[in-house]
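Structure file work31.txt; described as compact mmCIF, C-alpha atoms.
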# COMPACT_ATOMS: atom_id res chain seq x y z
CA MET A 1 71.16 15.64 92.99
CA ILE A 2 74.50 14.81 91.46
CA LYS A 3 73.86 17.03 88.45
CA ILE A 4 72.87 19.97 90.61
CA SER A 5 75.99 19.56 92.73
CA THR A 6 78.17 19.45 89.59
CA ARG A 7 76.68 22.64 88.17
CA THR A 8 77.10 24.38 91.51
CA ASN A 9 80.76 23.42 91.69
CA GLN A 10 81.32 24.57 88.13
CA SER A 11 79.63 27.89 88.93
CA VAL A 12 81.81 28.41 92.00
CA GLU A 13 84.96 27.59 90.05
CA LYS A 14 83.91 30.06 87.33
CA ASN A 15 83.29 32.83 89.87
CA ASN A 16 86.62 32.22 91.61
CA ARG A 17 88.76 32.42 88.51
CA GLY A 18 89.11 36.30 88.85
CA PHE A 19 89.40 38.88 86.05
CA SER A 20 91.12 38.26 82.77
CA LEU A 21 93.84 40.57 81.42
CA VAL A 22 91.41 41.90 78.80
CA GLU A 23 88.84 42.80 81.45
CA ILE A 24 91.44 44.61 83.56
CA SER A 25 92.66 46.51 80.49
CA ILE A 26 89.11 47.64 79.71
CA VAL A 27 88.62 48.91 83.27
CA ILE A 28 91.92 50.83 83.13
CA LEU A 29 90.91 52.42 79.83
CA ILE A 30 87.56 53.48 81.28
CA ILE A 31 89.21 55.01 84.36
CA GLY A 32 91.76 56.80 82.16
CA GLY A 33 88.98 58.25 80.02
CA LEU A 34 87.10 59.52 83.07
CA LEU A 35 90.25 61.15 84.45
CA THR A 36 90.90 62.84 81.11
CA ILE A 37 87.46 64.42 81.30
CA ALA A 38 87.57 65.27 85.01
CA LEU A 39 91.10 66.68 85.44
CA PRO A 40 90.60 69.91 83.46
CA ARG A 41 87.53 70.63 85.57
CA MET A 42 89.35 70.29 88.87
CA ASN A 43 90.33 73.47 90.69
CA PHE A 44 94.08 73.27 90.15
CA GLY A 45 93.93 76.88 88.92
CA LYS A 46 92.93 78.02 92.40
CA VAL A 47 95.98 76.36 93.90
CA ASP A 48 98.24 78.17 91.43
CA THR A 49 96.48 81.47 92.10
CA LYS A 50 96.95 81.04 95.83
CA LYS A 51 100.66 80.51 95.29
CA VAL A 52 101.01 83.59 93.06
CA ILE A 53 99.19 85.76 95.60
CA ARG A 54 101.10 84.22 98.51
CA ASP A 55 104.45 84.93 96.83
CA VAL A 56 103.56 88.60 96.34
CA THR A 57 102.21 89.11 99.87
CA ILE A 58 105.17 87.32 101.49
CA SER A 59 107.55 89.48 99.45
CA ALA A 60 105.80 92.62 100.69
CA LYS A 61 106.01 91.42 104.29
CA GLU A 62 109.73 90.68 104.02
CA VAL A 63 110.43 94.02 102.31
CA ARG A 64 108.65 95.85 105.15
CA ASN A 65 110.73 93.94 107.70
CA ARG A 66 113.96 94.87 105.92
CA ALA A 67 113.00 98.53 105.73
CA LYS A 68 112.52 98.59 109.50
CA LEU A 69 115.60 96.48 110.24
CA TYR A 70 118.03 98.49 108.11
CA GLY A 71 116.38 101.88 108.51
CA THR A 72 116.23 102.30 104.73
CA THR A 73 113.42 102.87 102.25
CA TYR A 74 112.67 99.89 100.03
CA ARG A 75 110.18 99.40 97.26
CA LEU A 76 108.58 96.66 95.23
CA ALA A 77 109.03 97.42 91.54
CA PHE A 78 106.49 96.08 89.04
CA ARG A 79 106.94 95.80 85.28
CA LEU A 80 103.50 95.91 83.66
CA ASP A 81 104.43 95.37 80.02
CA ALA A 82 102.01 93.12 78.17
CA ASP A 83 104.77 90.64 77.32
CA ASN A 84 106.75 91.03 80.54
CA GLN A 85 104.87 90.82 83.83
CA SER A 86 107.39 90.73 86.66
CA TYR A 87 108.43 92.28 89.99
CA TRP A 88 111.55 92.69 92.10
CA VAL A 89 112.89 94.55 95.16
CA GLU A 90 114.83 97.82 95.12
CA LYS A 91 116.69 99.53 97.94
CA SER A 92 117.14 103.27 98.32
CA THR A 93 120.70 104.59 98.22
CA THR A 94 119.64 107.97 99.61
CA VAL A 95 117.22 109.29 102.23
CA THR A 96 113.66 109.11 100.90
CA PHE A 97 110.84 111.08 102.47
CA ILE A 98 107.10 110.50 102.42
CA ASP A 99 106.20 113.30 100.06
CA LYS A 100 103.57 113.36 97.29
CA ALA A 101 105.61 115.37 94.83
CA ALA A 102 108.79 113.41 95.59
CA LEU A 103 107.12 110.06 94.98
CA GLU A 104 105.65 111.19 91.67
CA LYS A 105 108.99 112.70 90.66
CA ALA A 106 110.71 109.42 91.49
CA ARG A 107 108.32 107.60 89.17
CA ASP A 108 108.96 110.08 86.37
CA GLU A 109 112.71 109.79 86.87
CA ALA A 110 112.49 106.01 86.83
CA LYS A 111 110.82 106.15 83.41
CA ASN A 112 113.64 108.36 82.13
CA SER A 113 116.50 106.60 83.88
CA PHE A 114 119.46 105.82 81.63
CA ARG A 115 117.80 107.79 78.80
CA LYS A 116 119.53 110.71 77.03
CA ASP A 117 117.80 113.67 75.38
CA GLU A 118 118.65 115.33 72.09
CA LYS A 119 121.52 117.27 73.68
CA ASP A 120 123.05 114.03 74.99
CA GLU A 121 122.81 115.14 78.61
CA ALA A 122 124.12 113.01 81.46
CA LYS A 123 122.06 110.06 82.59
CA ILE A 124 119.52 110.79 85.31
CA PRO A 125 120.57 108.92 88.47
CA ASN A 126 118.09 106.52 90.03
CA PRO A 127 117.94 106.75 93.85
CA PHE A 128 116.89 103.10 94.00
CA GLN A 129 118.90 100.06 92.96
CA PRO A 130 117.81 96.39 92.70
CA ASP A 131 118.53 94.43 95.88
CA SER A 132 120.09 91.19 94.64
CA THR A 133 120.21 89.83 98.19
CA PHE A 134 116.41 89.58 98.12
CA PHE A 135 115.81 88.27 94.59
CA LYS A 136 118.63 87.13 92.34
CA LYS A 137 116.51 88.02 89.32
CA GLU A 138 113.12 89.40 88.39
CA GLN A 139 110.19 87.33 89.56
CA ILE A 140 108.13 86.61 86.43
CA LEU A 141 104.44 85.88 86.81
CA PRO A 142 103.36 82.42 85.63
CA LYS A 143 101.82 82.19 82.17
CA GLY A 144 98.25 83.47 82.09
CA TYR A 145 98.66 85.74 85.13
CA THR A 146 98.92 89.52 84.84
CA PHE A 147 99.09 92.55 87.09
CA LYS A 148 95.82 94.14 86.01
CA LEU A 149 96.79 97.38 87.72
CA ILE A 150 98.83 98.78 90.59
CA GLU A 151 97.45 101.62 92.69
CA SER A 152 99.90 103.47 94.91
CA GLY A 153 101.07 106.85 96.13
CA ALA A 154 99.56 109.55 98.24
CA ARG A 155 97.20 110.47 95.40
CA ASN A 156 96.21 106.86 94.73
CA VAL A 157 97.45 106.89 91.14
CA THR A 158 96.75 103.75 89.12
CA TYR A 159 99.21 102.11 86.70
CA SER A 160 98.27 99.51 84.12
CA ASP A 161 101.41 99.62 81.97
CA GLY A 162 105.04 100.63 82.21
CA MET A 163 106.51 100.67 85.74
CA ALA A 164 104.80 100.93 89.13
CA TYR A 165 106.17 101.00 92.69
CA ILE A 166 105.06 100.41 96.26
CA HIS A 167 107.31 102.05 98.87
CA PHE A 168 108.16 100.68 102.33
CA PHE A 169 109.56 103.15 104.83
CA PRO A 170 111.99 102.72 107.78
CA GLN A 171 109.26 103.55 110.30
CA GLY A 172 107.38 100.43 109.21
CA PHE A 173 104.84 102.33 107.13
CA ILE A 174 103.69 101.27 103.67
CA GLU A 175 102.33 103.81 101.23
CA ALA A 176 98.65 103.41 100.34
CA SER A 177 98.63 100.73 97.68
CA LEU A 178 96.62 98.01 96.00
CA ILE A 179 97.55 95.26 93.55
CA GLN A 180 95.11 93.64 91.13
CA ILE A 181 96.09 90.24 89.74
CA GLU A 182 94.15 88.57 86.94
CA ASP A 183 94.33 84.79 86.71
CA PRO A 184 94.03 82.60 83.58
CA LYS A 185 90.27 82.31 84.10
CA LYS A 186 89.98 86.12 83.99
CA ASN A 187 89.15 86.31 87.68
CA ILE A 188 90.61 89.40 89.36
CA TRP A 189 92.06 89.38 92.86
CA SER A 190 92.80 92.57 94.80
CA ILE A 191 95.58 92.75 97.39
CA THR A 192 95.88 95.71 99.74
CA PHE A 193 98.14 96.39 102.71
CA ASN A 194 97.50 98.03 106.06
CA GLN A 195 99.73 101.11 105.99
CA ILE A 196 100.69 100.75 109.66
CA THR A 197 100.78 97.01 110.36
CA GLY A 198 101.62 95.80 106.86
CA GLN A 199 98.88 93.15 107.10
CA ALA A 200 97.74 92.02 103.66
CA SER A 201 94.06 91.71 102.76
CA ILE A 202 93.01 89.60 99.77
CA ILE A 203 89.71 90.34 98.03
CA PRO A 204 88.41 87.93 95.34
CA GLU A 205 87.22 90.71 93.02
CA ALA A 206 88.40 93.93 91.37
CA LYS A 207 88.58 96.77 93.87
CA LEU A 208 90.22 100.20 94.16
CA LEU A 209 91.36 101.97 97.30
CA LYS A 210 88.45 104.40 97.07
CA ASP A 211 86.05 101.44 97.15
CA LEU A 212 87.58 100.19 100.40
CA GLU A 213 87.41 103.61 102.03
CA GLN A 214 83.62 103.69 101.79
Please rewrite the model in this file as structure tokens.
Amino acid sequence: MIKISTRTNQSVEKNNRGFSLVEISIVILIIGGLLTIALPRMNFGKVDTKKVIRDVTISAKEVRNRAKLYGTTYRLAFRLDADNQSYWVEKSTTVTFIDKAALEKARDEAKNSFRKDEKDEAKIPNPFQPDSTFFKKEQILPKGYTFKLIESGARNVTYSDGMAYIHFFPQGFIEASLIQIEDPKKNIWSITFNQITGQASIIPEAKLLKDLEQ
């Protein structure tokens, strides 16, 4: 009886002594290894994508509000160069009408702005100027994100390089437009705007305006 009692006490004392420093270190190493494997698989990319899309849609909403408030045509300007994916806000310095030919001419003029021909003619004036009160500088897309294409204008012209624009008019209207954003995982998100209400719709796949009209 005495021997049994002694062994029992020794067993209790052994169980109550807790974990040694070596045992704790091993557990921490195991947890660290599991986290190293699990973290890359977590959906942090989706959070970043939501932020990128949210920033673009909020910008469009605020630009529409300014166009109505100040009675002036605004536009979101997009740079679609492979090594420079960015956007900013421009404000019209003249009266701009909703006209197919005028919008296409404005795009052509923007490409040739501040460019001289062989006869060294005067620079072509740009009716739009960057609005520094909205963005202090160009908003550059995070690494791995690109504007796959921008579709805008009365003729639904698509742009995948160079410059593209979405116009916001004083009456609160937005020209027919769609933005495709590709994330680092090569997923494409389509953003389109209601021309009357300005409400943004986000579609988790590549779409064109003609697809949404069907």
With distances taken over only C-alpha atoms, the candidate from A:Ala206, A:Leu141, A:Ile166, A:Ile188 nearest Arg64 (chain A) is A:Ile166
Out of A:Leu209, A:Ala200, A:Ile26, A:Ile181, which residue has the shortest atom-to-atom distance to Gly153 (chain A) when counting only C-alpha atoms?
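Under the stated criterion, the closest residue is A:Leu209.
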When you count all atoms listed in the file, which of these residues is closest to Glu182 (chain A): A:Pro170, A:Gly162, A:Pro127, A:Pro204?
A:Pro204
In Å, with one decimal, what is the gap from CA of Ala176 (chain A) to CA of Ser132 (chain A)?
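If I compute the distance from CA of Ala176 (chain A) to CA of Ser132 (chain A), I get 25.3 Å.
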Nearest to Phe128 (chain A), chosen from A:Ser190, A:Thr146, A:Ser92, A:Gln171, with all atoms listed in the file counted in the distances
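Of A:Ser190, A:Thr146, A:Ser92, A:Gln171, the one nearest Phe128 (chain A), counting all atoms listed in the file, is A:Ser92.
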Using all atoms listed in the file, pick whichever of A:Ser20, A:Ser177, A:Gln199, A:Thr192 has the shortest atom-to-atom distance to Tyr159 (chain A).
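Of all the options, A:Ser177 lies closest to Tyr159 (chain A).
Proximity to Ala164 (chain A) was assessed for A:Ile203, A:Val89, A:Leu212, A:Val52 counting all atoms listed in the file; the smallest distance is recorded for A:Val89.
In this model, the gap between CA of Tyr74 (chain A) and CA of Asp131 (chain A) comes to 9.0 Å.
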One-decimal distance in Å that lies between CA of Ile196 (chain A) and CA of Ile140 (chain A):
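Computed distance, CA of Ile140 (chain A) to CA of Ile196 (chain A), equals 28.2 Å.
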How big is the axis-aligned box around the listed atoms of region 189-198 of chain A once 4 Å is added on each side, and where is its centre? Give both in Å to one decimal, as lines of an AutoDock Vina configuration file.
center_x = 96.8
center_y = 95.2
center_z = 101.6
size_x = 17.6
size_y = 19.7
size_z = 25.5
If we draw a sphere of 8 Å around (115.9, 103.6, 92.4), which residues have at least one atom in it when counting only C-alpha atoms? Please report them as a PyMOL selection string.
chain A and resi 90-93+106+110+126-130
